[in-house]
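Enquirer: Got a file for you: my_file22.txt, compact mmCIF, C-alpha atoms.
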# COMPACT_ATOMS: atom_id res chain seq x y z
CA MET J 746 114.41 98.15 104.88
CA SER J 747 118.07 97.86 103.95
CA THR J 748 119.76 100.68 102.05
CA GLN J 749 123.05 100.94 100.25
CA PHE J 750 125.40 103.52 101.81
CA VAL J 751 128.60 105.04 100.46
CA TYR J 752 131.19 105.74 103.15
CA LYS J 753 134.56 107.42 103.39
CA ALA J 754 136.81 106.41 106.28
CA ILE J 755 140.45 106.44 107.35
CA ARG J 756 142.58 103.68 108.83
CA GLU J 757 144.73 104.07 111.94
CA ASN J 758 147.74 104.78 109.72
CA GLY J 759 145.86 107.65 108.05
CA GLN J 760 145.16 105.81 104.78
CA GLU J 761 141.83 106.75 103.19
CA HIS J 762 139.28 104.01 102.49
CA ILE J 763 136.11 104.42 100.38
CA GLY J 764 133.45 101.74 99.95
CA ASP J 765 129.79 100.70 99.82
CA LEU J 766 127.76 98.83 102.42
CA VAL J 767 124.16 97.58 102.59
CA ALA J 768 122.70 98.31 106.03
CA GLU J 769 119.48 99.32 107.79
CA ASP J 770 120.78 102.74 108.88
CA LYS J 771 123.93 104.81 109.32
CA ASP J 772 124.49 103.44 112.83
CA GLN J 773 125.01 99.95 111.41
CA VAL J 774 127.56 101.35 108.94
CA THR J 775 129.37 103.08 111.80
CA GLU J 776 129.40 99.82 113.79
CA TYR J 777 130.73 97.92 110.76
CA LEU J 778 133.54 100.46 110.28
CA ALA J 779 134.45 100.34 113.99
CA ASN J 780 134.67 96.53 113.85
CA HIS J 781 137.13 96.87 110.96
CA ASN J 782 139.27 99.52 112.69
CA LEU J 783 138.06 102.28 110.37
CA ILE J 784 137.24 105.84 111.47
CA PRO J 785 134.22 107.22 109.54
CA VAL J 786 134.62 110.57 107.77
CA SER J 787 131.32 110.61 105.87
CA ILE J 788 128.39 108.20 105.40
CA ASP J 789 125.80 108.96 102.71
CA GLU J 790 122.91 107.06 101.21
CA LYS J 791 123.71 105.98 97.67
CA LYS J 792 121.52 107.70 95.09
CA GLU J 793 119.90 105.50 92.51
CA SER J 794 118.52 106.56 89.15
CA THR J 795 114.75 106.24 88.79
CA THR J 796 113.20 104.03 86.13
CA PHE J 797 109.66 103.71 84.88
CA GLU J 798 107.72 101.08 86.81
CA PHE J 799 106.82 99.39 83.51
CA LEU J 800 110.50 98.84 82.76
CA LYS J 801 111.37 98.03 86.38
CA MET J 802 109.29 94.88 86.25
CA PHE J 803 111.85 93.41 83.86
CA ASP J 804 114.93 94.24 85.92
CA LYS J 805 114.22 93.46 89.55
CA LEU J 806 117.02 91.06 90.48
CA ASN J 807 120.44 90.01 89.37
CA PHE J 808 119.23 86.46 88.79
CA GLU J 809 122.66 85.02 87.96
CA ASP J 810 124.16 86.15 91.29
CA LEU J 811 121.17 84.90 93.28
CA ILE J 812 121.18 81.55 91.45
CA MET J 813 124.93 81.14 92.04
CA PHE J 814 124.55 81.95 95.73
CA THR J 815 121.62 79.53 96.11
CA ASN J 816 123.41 76.68 94.32
CA ASN J 817 126.64 77.24 96.28
CA LEU J 818 124.80 77.27 99.60
CA ALA J 819 122.85 74.10 98.69
CA THR J 820 126.06 72.29 97.67
CA MET J 821 127.89 73.24 100.88
CA TYR J 822 124.87 72.34 103.04
CA ARG J 823 124.68 68.87 101.48
CA ALA J 824 128.44 68.45 101.91
CA GLY J 825 128.03 68.99 105.66
CA ILE J 826 129.87 72.32 105.81
CA PRO J 827 128.50 74.43 108.70
CA LEU J 828 126.33 77.38 107.71
CA LEU J 829 128.65 79.99 109.21
CA ARG J 830 131.64 78.50 107.37
CA SER J 831 129.63 78.45 104.11
CA LEU J 832 128.64 82.10 104.45
CA SER J 833 132.28 83.08 105.02
CA ILE J 834 133.46 81.11 101.95
CA ILE J 835 130.84 82.19 99.37
CA LYS J 836 131.80 85.17 97.21
CA ILE J 837 129.50 86.28 94.39
CA GLY J 838 130.45 88.56 91.51
CA LYS J 839 132.49 91.73 91.95
CA PRO J 840 134.12 92.51 95.32
CA ASN J 841 131.77 95.47 95.92
CA SER J 842 128.61 93.70 94.70
CA LEU J 843 125.46 93.82 96.85
CA PHE J 844 125.95 90.16 97.73
CA ASN J 845 129.52 90.51 98.92
CA LEU J 846 128.64 93.61 100.93
CA ALA J 847 125.63 91.90 102.51
CA LEU J 848 127.18 88.49 103.28
CA PRO J 849 129.39 89.70 106.21
CA LYS J 850 126.29 91.22 107.86
CA ILE J 851 124.28 88.02 107.30
CA HIS J 852 127.21 86.00 108.71
CA ALA J 853 127.39 88.27 111.79
CA ASP J 854 123.63 88.03 112.40
CA VAL J 855 123.63 84.22 112.12
CA GLN J 856 126.63 84.07 114.42
CA ALA J 857 124.70 86.22 116.91
CA GLY J 858 121.93 83.62 117.01
CA LYS J 859 119.52 84.68 114.27
CA SER J 860 118.14 82.17 111.78
CA LEU J 861 119.31 82.47 108.18
CA SER J 862 115.88 83.69 107.03
CA ASP J 863 115.80 86.40 109.74
CA ALA J 864 119.30 87.51 108.78
CA MET J 865 118.18 87.83 105.14
CA LYS J 866 115.11 89.96 105.92
CA VAL J 867 117.04 93.22 106.21
CA HIS J 868 118.50 92.68 102.73
CA ASP J 869 115.21 92.89 100.84
CA LYS J 870 116.91 94.34 97.75
CA ILE J 871 118.59 90.96 97.29
CA PHE J 872 116.16 88.43 98.74
CA SER J 873 112.44 88.57 97.93
CA LYS J 874 109.71 87.72 100.45
CA VAL J 875 109.09 84.44 98.61
CA TYR J 876 112.78 83.52 98.88
CA ILE J 877 112.98 84.37 102.60
CA SER J 878 109.72 82.55 103.44
CA SER J 879 110.93 79.46 101.58
CA ILE J 880 114.23 79.51 103.49
CA ALA J 881 112.33 79.86 106.79
CA ALA J 882 110.10 76.89 105.93
CA GLY J 883 113.17 74.85 104.90
CA GLU J 884 114.88 75.61 108.21
CA GLU J 885 111.79 74.56 110.18
CA SER J 886 111.29 71.31 108.23
CA GLY J 887 115.00 70.39 108.09
CA LYS J 888 114.84 70.25 104.28
CA LEU J 889 116.85 73.39 103.55
CA ASP J 890 118.93 71.71 100.82
CA GLU J 891 115.79 70.59 98.94
CA ILE J 892 114.26 74.07 99.21
CA LEU J 893 117.49 75.68 97.98
CA ASP J 894 117.52 73.35 94.96
CA GLN J 895 113.89 74.22 94.19
CA LEU J 896 114.60 77.94 94.59
CA ALA J 897 117.53 77.73 92.18
CA LYS J 898 115.34 76.00 89.56
CA MET J 899 112.58 78.58 90.03
CA LEU J 900 115.04 81.47 89.69
CA GLU J 901 116.45 79.97 86.49
CA LYS J 902 112.92 79.78 85.07
CA GLU J 903 112.19 83.32 86.21
CA MET J 904 115.42 84.57 84.62
CA GLU J 905 114.50 82.83 81.37
CA ILE J 906 111.01 84.38 81.38
CA SER J 907 112.43 87.83 82.13
CA ARG J 908 114.99 87.57 79.32
CA LEU J 909 112.38 86.35 76.83
CA ILE J 910 110.05 89.26 77.60
CA LYS J 911 112.96 91.71 77.31
CA SER J 912 114.05 90.26 73.96
CA GLY J 913 110.45 90.41 72.72
CA LEU J 914 110.12 94.08 73.60
CA ARG J 915 113.60 95.08 72.39
CA TYR J 916 112.90 94.95 68.63
CA PRO J 917 109.83 97.25 68.51
CA PHE J 918 111.46 99.62 71.00
CA ILE J 919 114.60 99.94 68.83
CA VAL J 920 112.56 100.43 65.64
CA LEU J 921 110.34 103.13 67.15
CA THR J 922 113.37 104.88 68.69
CA ILE J 923 115.17 104.99 65.33
CA ILE J 924 112.03 106.37 63.64
CA ALA J 925 111.73 109.07 66.33
CA LEU J 926 115.41 110.04 65.91
CA ALA J 927 115.13 110.10 62.12
CA PHE J 928 111.98 112.23 62.34
CA THR J 929 113.74 114.71 64.66
CA VAL J 930 116.78 115.01 62.36
CA VAL J 931 114.57 115.53 59.29
CA MET J 932 112.43 118.14 61.07
CA VAL J 933 115.36 120.12 62.49
CA TYR J 934 118.00 119.91 59.74
CA VAL J 935 116.62 118.62 56.42
CA VAL J 936 113.23 120.31 55.96
CA PRO J 937 114.44 123.89 56.70
CA LYS J 938 117.13 123.51 53.99
CA PHE J 939 114.83 122.60 51.13
CA THR J 940 112.12 124.99 52.43
CA ASP J 941 114.53 127.93 51.93
CA PHE J 942 115.38 126.60 48.48
CA TYR J 943 111.72 126.30 47.36
CA ALA J 944 110.86 129.70 48.83
CA SER J 945 113.12 131.36 46.23
CA PHE J 946 110.76 130.16 43.49
CA ASP J 947 107.27 131.43 42.91
CA SER J 948 105.61 128.05 43.26
CA ALA J 949 102.97 126.75 45.68
CA LEU J 950 104.09 123.87 47.87
CA PRO J 951 102.12 120.60 47.72
CA LEU J 952 100.10 119.49 50.78
CA PRO J 953 102.62 116.82 52.00
CA THR J 954 105.39 119.44 51.90
CA GLN J 955 103.23 121.98 53.71
CA ILE J 956 102.56 119.40 56.42
CA MET J 957 106.27 118.67 56.80
CA VAL J 958 107.14 122.38 56.84
CA GLY J 959 104.47 123.08 59.46
CA MET J 960 105.75 120.23 61.64
CA SER J 961 109.33 121.40 61.18
CA ASN J 962 108.45 124.98 62.15
CA PHE J 963 106.68 123.74 65.26
CA VAL J 964 109.62 121.52 66.30
CA THR J 965 112.25 124.23 65.73
CA ASN J 966 110.27 127.17 67.18
CA TYR J 967 108.36 125.47 69.97
CA TRP J 968 110.75 122.72 71.05
CA TRP J 969 110.38 123.91 74.64
CA ILE J 970 106.67 123.05 74.53
CA ILE J 971 107.56 119.51 73.42
CA LEU J 972 110.09 119.13 76.24
CA ALA J 973 107.62 120.57 78.74
CA GLY J 974 104.97 118.13 77.47
CA ILE J 975 107.34 115.19 77.88
CA GLY J 976 108.25 116.38 81.38
CA ALA J 977 104.55 116.76 82.26
CA ILE J 978 103.83 113.23 81.02
CA ILE J 979 106.71 111.79 83.09
CA TYR J 980 105.63 113.71 86.19
CA GLY J 981 101.98 112.76 85.64
CA TYR J 982 102.93 109.12 85.23
CA LYS J 983 105.04 109.04 88.40
CA TYR J 984 102.41 110.95 90.39
CA THR J 985 99.63 108.64 89.20
CA MET J 986 101.72 105.55 90.01
CA SER J 987 102.22 106.88 93.56
CA LYS J 988 98.45 106.67 94.16
CA PRO J 989 96.85 103.20 94.62
CA ALA J 990 93.88 103.97 92.35
CA GLY J 991 96.13 105.49 89.68
CA LYS J 992 98.59 102.58 89.78
CA LEU J 993 95.71 100.14 89.43
CA ALA J 994 94.40 102.03 86.38
CA ILE J 995 97.82 102.14 84.67
CA ASP J 996 98.63 98.50 85.47
CA THR J 997 95.24 97.49 84.08
CA THR J 998 95.94 99.49 80.91
CA PHE J 999 99.24 97.66 80.45
CA LEU J 1000 97.44 94.31 80.73
CA LYS J 1001 94.87 95.39 78.10
CA MET J 1002 97.51 96.32 75.52
CA PRO J 1003 97.44 94.13 72.39
CA VAL J 1004 100.17 91.46 72.36
CA PHE J 1005 102.20 93.10 75.16
CA GLY J 1006 99.41 92.71 77.70
CA ASN J 1007 99.10 89.02 76.89
CA LEU J 1008 102.84 88.60 77.30
CA ILE J 1009 102.81 90.37 80.70
CA ILE J 1010 99.87 88.26 81.93
CA LYS J 1011 101.46 84.96 80.89
CA GLY J 1012 104.79 85.95 82.43
CA ASN J 1013 103.13 86.91 85.72
CA VAL J 1014 101.03 83.72 85.86
CA ALA J 1015 104.09 81.54 85.17
CA ARG J 1016 106.05 83.33 87.90
CA PHE J 1017 103.10 83.15 90.33
CA ALA J 1018 102.62 79.38 89.81
CA LEU J 1019 106.33 78.57 90.19
CA MET J 1020 106.63 80.64 93.39
CA PHE J 1021 103.38 79.22 94.78
CA GLN J 1022 104.67 75.69 94.14
CA ILE J 1023 107.89 76.45 96.06
CA LEU J 1024 106.04 77.90 99.06
CA TYR J 1025 103.48 75.08 99.11
CA LYS J 1026 106.18 72.41 98.87
CA SER J 1027 108.13 74.03 101.69
CA GLY J 1028 105.16 73.40 103.99
CA LEU J 1029 103.65 76.89 104.28
CA PRO J 1030 99.82 77.05 104.53
CA ILE J 1031 98.07 78.03 101.29
CA ILE J 1032 96.59 81.25 102.72
CA LYS J 1033 99.97 82.43 104.03
CA SER J 1034 101.61 81.52 100.71
CA LEU J 1035 99.03 83.56 98.77
CA ASP J 1036 99.48 86.52 101.13
CA ILE J 1037 103.22 86.46 100.47
CA LEU J 1038 102.67 86.18 96.71
CA THR J 1039 100.19 89.08 96.77
CA ASN J 1040 102.84 91.35 98.28
CA SER J 1041 105.52 90.09 95.88
CA VAL J 1042 103.71 90.97 92.62
CA THR J 1043 104.41 94.45 91.20
CA ASN J 1044 101.37 94.68 88.90
CA SER J 1045 98.54 95.83 91.19
CA MET J 1046 95.80 94.32 89.00
CA ILE J 1047 97.39 90.85 89.11
CA GLN J 1048 97.93 91.49 92.84
CA LYS J 1049 94.21 92.21 93.23
CA GLU J 1050 93.26 88.94 91.51
CA ILE J 1051 95.66 86.89 93.64
CA ASN J 1052 94.12 88.55 96.69
CA LYS J 1053 90.67 87.47 95.45
CA LEU J 1054 92.01 83.92 95.21
CA ALA J 1055 93.36 84.17 98.77
CA GLU J 1056 89.99 85.46 99.97
CA LEU J 1057 88.31 82.28 98.70
CA PHE J 1058 90.64 80.17 100.86
CA ARG J 1059 90.15 82.43 103.90
CA LYS J 1060 86.39 81.89 103.64
CA GLY J 1061 86.83 78.16 103.01
CA SER J 1062 85.17 78.60 99.61
CA GLU J 1063 87.96 77.20 97.43
CA HIS J 1064 85.37 74.85 95.87
CA GLU J 1065 83.86 77.98 94.26
CA LEU J 1066 87.09 78.74 92.39
CA LEU J 1067 85.70 77.73 88.97
CA GLN J 1068 82.61 79.91 89.45
CA THR J 1069 84.66 82.95 90.50
CA LYS J 1070 85.25 85.43 87.68
CA PHE J 1071 88.69 86.87 87.10
CA ILE J 1072 89.41 89.58 84.54
CA PHE J 1073 92.97 88.59 83.63
CA PHE J 1074 93.81 85.38 85.49
CA PRO J 1075 93.59 82.69 82.73
CA GLU J 1076 90.75 80.16 82.83
CA LEU J 1077 93.13 77.26 82.14
CA ALA J 1078 95.29 78.12 85.16
CA LYS J 1079 92.19 78.43 87.32
CA GLN J 1080 90.91 74.99 86.20
CA MET J 1081 94.27 73.29 86.78
CA ILE J 1082 94.57 74.75 90.30
CA SER J 1083 91.01 73.62 91.04
CA ILE J 1084 91.80 70.08 89.83
CA GLY J 1085 94.96 70.05 91.95
CA LEU J 1086 92.96 71.02 95.05
CA GLU J 1087 90.32 68.35 94.43
CA SER J 1088 92.79 65.58 93.64
CA GLY J 1089 95.33 66.46 96.32
CA SER J 1090 98.02 67.11 93.70
CA LEU J 1091 98.23 70.91 93.96
CA GLU J 1092 102.03 70.92 93.95
CA LYS J 1093 102.16 68.98 90.68
CA MET J 1094 99.45 71.13 89.07
CA LEU J 1095 101.18 74.38 90.05
CA LEU J 1096 104.37 73.09 88.45
CA GLU J 1097 102.40 72.20 85.31
CA VAL J 1098 100.84 75.69 85.20
CA GLY J 1099 104.27 77.30 85.62
CA GLU J 1100 105.82 75.14 82.89
CA HIS J 1101 102.88 75.70 80.51
CA TYR J 1102 102.87 79.49 80.76
CA SER J 1103 106.68 79.62 80.64
CA LYS J 1104 106.43 77.90 77.25
CA GLU J 1105 103.65 80.33 76.24
CA VAL J 1106 105.96 83.24 77.06
CA GLN J 1107 108.72 81.61 74.98
CA TYR J 1108 106.39 81.14 72.00
CA THR J 1109 104.88 84.64 72.19
CA SER J 1110 108.21 86.43 72.63
CA ARG J 1111 109.87 84.49 69.80
CA HIS J 1112 106.98 85.30 67.47
CA LEU J 1113 106.51 88.86 68.70
CA THR J 1114 108.57 90.26 65.84
CA ALA J 1115 106.40 88.46 63.28
CA ILE J 1116 103.22 89.61 65.08
CA LEU J 1117 104.33 93.26 65.19
CA GLU J 1118 105.94 93.38 61.73
CA PRO J 1119 102.73 94.45 59.90
CA VAL J 1120 102.19 97.35 62.36
CA LEU J 1121 105.83 98.46 62.25
CA THR J 1122 105.83 98.14 58.44
CA VAL J 1123 102.80 100.45 58.19
CA ILE J 1124 104.46 103.01 60.49
CA ILE J 1125 107.77 102.94 58.60
CA SER J 1126 106.03 102.99 55.19
CA GLY J 1127 103.87 105.96 56.21
CA PHE J 1128 106.92 107.88 57.39
CA VAL J 1129 108.92 107.12 54.22
CA LEU J 1130 105.92 107.93 51.96
CA LEU J 1131 105.35 111.30 53.62
CA MET J 1132 109.05 112.13 53.29
CA ALA J 1133 109.16 111.09 49.64
CA LEU J 1134 106.05 113.07 48.69
CA ALA J 1135 107.16 116.11 50.68
CA ILE J 1136 110.56 116.19 48.94
CA PHE J 1137 109.82 115.04 45.38
CA MET J 1138 106.43 116.65 44.66
CA PRO J 1139 107.86 120.21 44.87
CA MET J 1140 110.61 119.12 42.45
CA TRP J 1141 107.98 118.03 39.92
CA ASN J 1142 106.24 121.39 40.35
CA LEU J 1143 109.53 123.21 39.81
CA ILE J 1144 110.12 121.26 36.58
CA LYS J 1145 106.72 122.39 35.37
CA VAL J 1146 107.58 126.00 36.30
CA PHE J 1147 110.88 125.81 34.40
CA ASN J 1148 109.20 124.25 31.35
CA GLY J 1149 106.53 126.97 31.47
Could you show the structure in this file as structure tokens?

Expert:
Amino acid sequence: MSTQFVYKAIRENGQEHIGDLVAEDKDQVTEYLANHNLIPVSIDEKKESTTFEFLKMFDKLNFEDLIMFTNNLATMYRAGIPLLRSLSIIKIGKPNSLFNLALPKIHADVQAGKSLSDAMKVHDKIFSKVYISSIAAGEESGKLDEILDQLAKMLEKEMEISRLIKSGLRYPFIVLTIIALAFTVVMVYVVPKFTDFYASFDSALPLPTQIMVGMSNFVTNYWWIILAGIGAIIYGYKYTMSKPAGKLAIDTTFLKMPVFGNLIIKGNVARFALMFQILYKSGLPIIKSLDILTNSVTNSMIQKEINKLAELFRKGSEHELLQTKFIFFPELAKQMISIGLESGSLEKMLLEVGEHYSKEVQYTSRHLTAILEPVLTVIISGFVLLMALAIFMPMWNLIKVFNG
């Protein structure tokens, strides 16, 4: 597996040089520096910040860079420019981007006699298994330009799906974050102020105010318990996700969530169908294509269902597809794949499935705000009502005390 390293080196004239490089190990970095007349001083693995797996699924690739690279390579290939020349010309994004750091290594490997797909394998942070397998099939069939065009189209669709899901989740996340921040400010700063004021009067506090005061006292006096609880939840989540059974349980829970689960399922099915269509069109056998797709899906429950589909083909029981029960894999997608197998038009049907569920993701994400508005309205209204009662009811009691 390739890793990004940070190195510090000096030139022959003593000038210091610092940079990044994607390589399999430190020895490759050392070799790269020696080839560029650089003397290594230090080579360290670049540390990356961890992110929840649930959020990682929406930020796996820099789609724009990968699409640009794919389109550029397809254009140069059709123009008759040799592969080595193309790899030396293409520059993607910033000078120190993963692509620009990886391309010299890919160029060197191809020049040494490796195929393009083999040269890409060590850069698995950039190129997925589906991408590499498609390139390998394109090289074998002599249709690399067609496969590159298809990959670019698939990546554009995948980028669109990813952005739609992100935009759908952004609104509720922002609203809930603002409510949490407002609640914290009220508990820590506002409630203690008017609690001290009311305490100077001989008047019982109403129930809403007592609730707010109790919550405020807990937050201000036992904040360390809250932080410890959050830390325990994060640790428990990461530990559970590190175990196959735990990951399966959490991934299944995500898929069962109202609205969000449906969005995740449709996005995964659209992505699965589009990738399957690319692999099938490139000439890979169905079983091998499904094995690749199984290992490319991050949600272990969807992975399990794709594996069940692959098992049918291994046994030669694909005619039993309609009778096989899946928990999350949609019935419509199953029927369309079955029709494609029977009619010999699987490629066309997979494209139809991908297009259909891409549109479903678009519709659901665009209407997600409207779907969630009633729930968010109830949450916001409950918060505002509790605040209003907690603040104004004691004032009414004080007025009665003064009048008495």

Enquirer: May I ask which of the residues J:Glu1050, J:Lys888, J:Ile1124, J:Gly1028 is the closest one to Arg823 of chain J, counting all atoms listed in the file?

Expert: J:Lys888

Enquirer: Tell me which residues come within 12 Å of (110.3, 93.0, 77.2), as number ranges by chain, counting all atoms listed in the file in the file's coordinates.

Expert: J: 799-804, 905-919, 1004-1009, 1012, 1106-1107, 1109-1111, 1113-1114

Enquirer: Which is closer to Phe1137 of chain J than all the others in J:Phe814, J:Phe808, J:Tyr752, J:Phe939, using all atoms listed in the file?

Expert: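 Comparing J:Phe814, J:Phe808, J:Tyr752, J:Phe939 against Phe1137 of chain J, the winner is J:Phe939.
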
Enquirer: So which one's closest to Ile971 of chain J, J:Gln1048, J:Leu766, J:Thr929, J:Gly858? Using all atoms listed in the file, please.

Expert: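 Closest candidate: J:Thr929.
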
Enquirer: Quick check, in Å to one decimal: how far apart do atom CA of Gln1022 of chain J and atom CA of Ile995 of chain J lie?

Expert: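 Between atom CA of Gln1022 of chain J and atom CA of Ile995 of chain J the gap works out to 28.9 Å.
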
Enquirer: May I have the residues within 12 Å of Val935 of chain J as a PDB file with C-alpha atoms, in the coordinates of the input, using only C-alpha atoms and disregarding those fewer than 6 positions away in the same chain?

Expert:
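Printed below is result20.pdb as written:
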ATOM      1  CA  ALA J 927     115.130 110.100  62.120  1.00  0.00           C
ATOM      2  CA  PHE J 928     111.980 112.230  62.340  1.00  0.00           C
ATOM      3  CA  THR J 929     113.740 114.710  64.660  1.00  0.00           C
ATOM      4  CA  ASP J 941     114.530 127.930  51.930  1.00  0.00           C
ATOM      5  CA  PHE J 942     115.380 126.600  48.480  1.00  0.00           C
ATOM      6  CA  MET J 957     106.270 118.670  56.800  1.00  0.00           C
ATOM      7  CA  VAL J 958     107.140 122.380  56.840  1.00  0.00           C
ATOM      8  CA  SER J 961     109.330 121.400  61.180  1.00  0.00           C
ATOM      9  CA  ASN J 962     108.450 124.980  62.150  1.00  0.00           C
ATOM     10  CA  THR J 965     112.250 124.230  65.730  1.00  0.00           C
ATOM     11  CA  MET J1132     109.050 112.130  53.290  1.00  0.00           C
ATOM     12  CA  ALA J1135     107.160 116.110  50.680  1.00  0.00           C
ATOM     13  CA  ILE J1136     110.560 116.190  48.940  1.00  0.00           C
TER      14      ILE J1136
END

Enquirer: Residues at most 8 Å from segment 1030-1047 of chain J, counting all atoms listed in the file, excluding those fewer than 3 positions away in the same chain, as a list in words?

Expert: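 In the requested form, the answer reads Met802, Ser873, Lys874, Val875, Lys992, Leu993, Asp996, Thr997, Asn1013, Phe1017, Met1020, Phe1021, Leu1024, Tyr1025, Glu1050, Ile1051, Asn1052, Leu1054, Ala1055, Phe1058, Arg1059, Phe1073 and Phe1074 of chain J.
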
Enquirer: Rank J:Asp810, J:Glu761, J:Glu1100, J:Asp854 by their smallest atom-to-atom distance to Leu829 of chain J, using all atoms listed in the file, and report the top residue only.

Expert: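 The answer is J:Asp854, which sits nearest to Leu829 of chain J.
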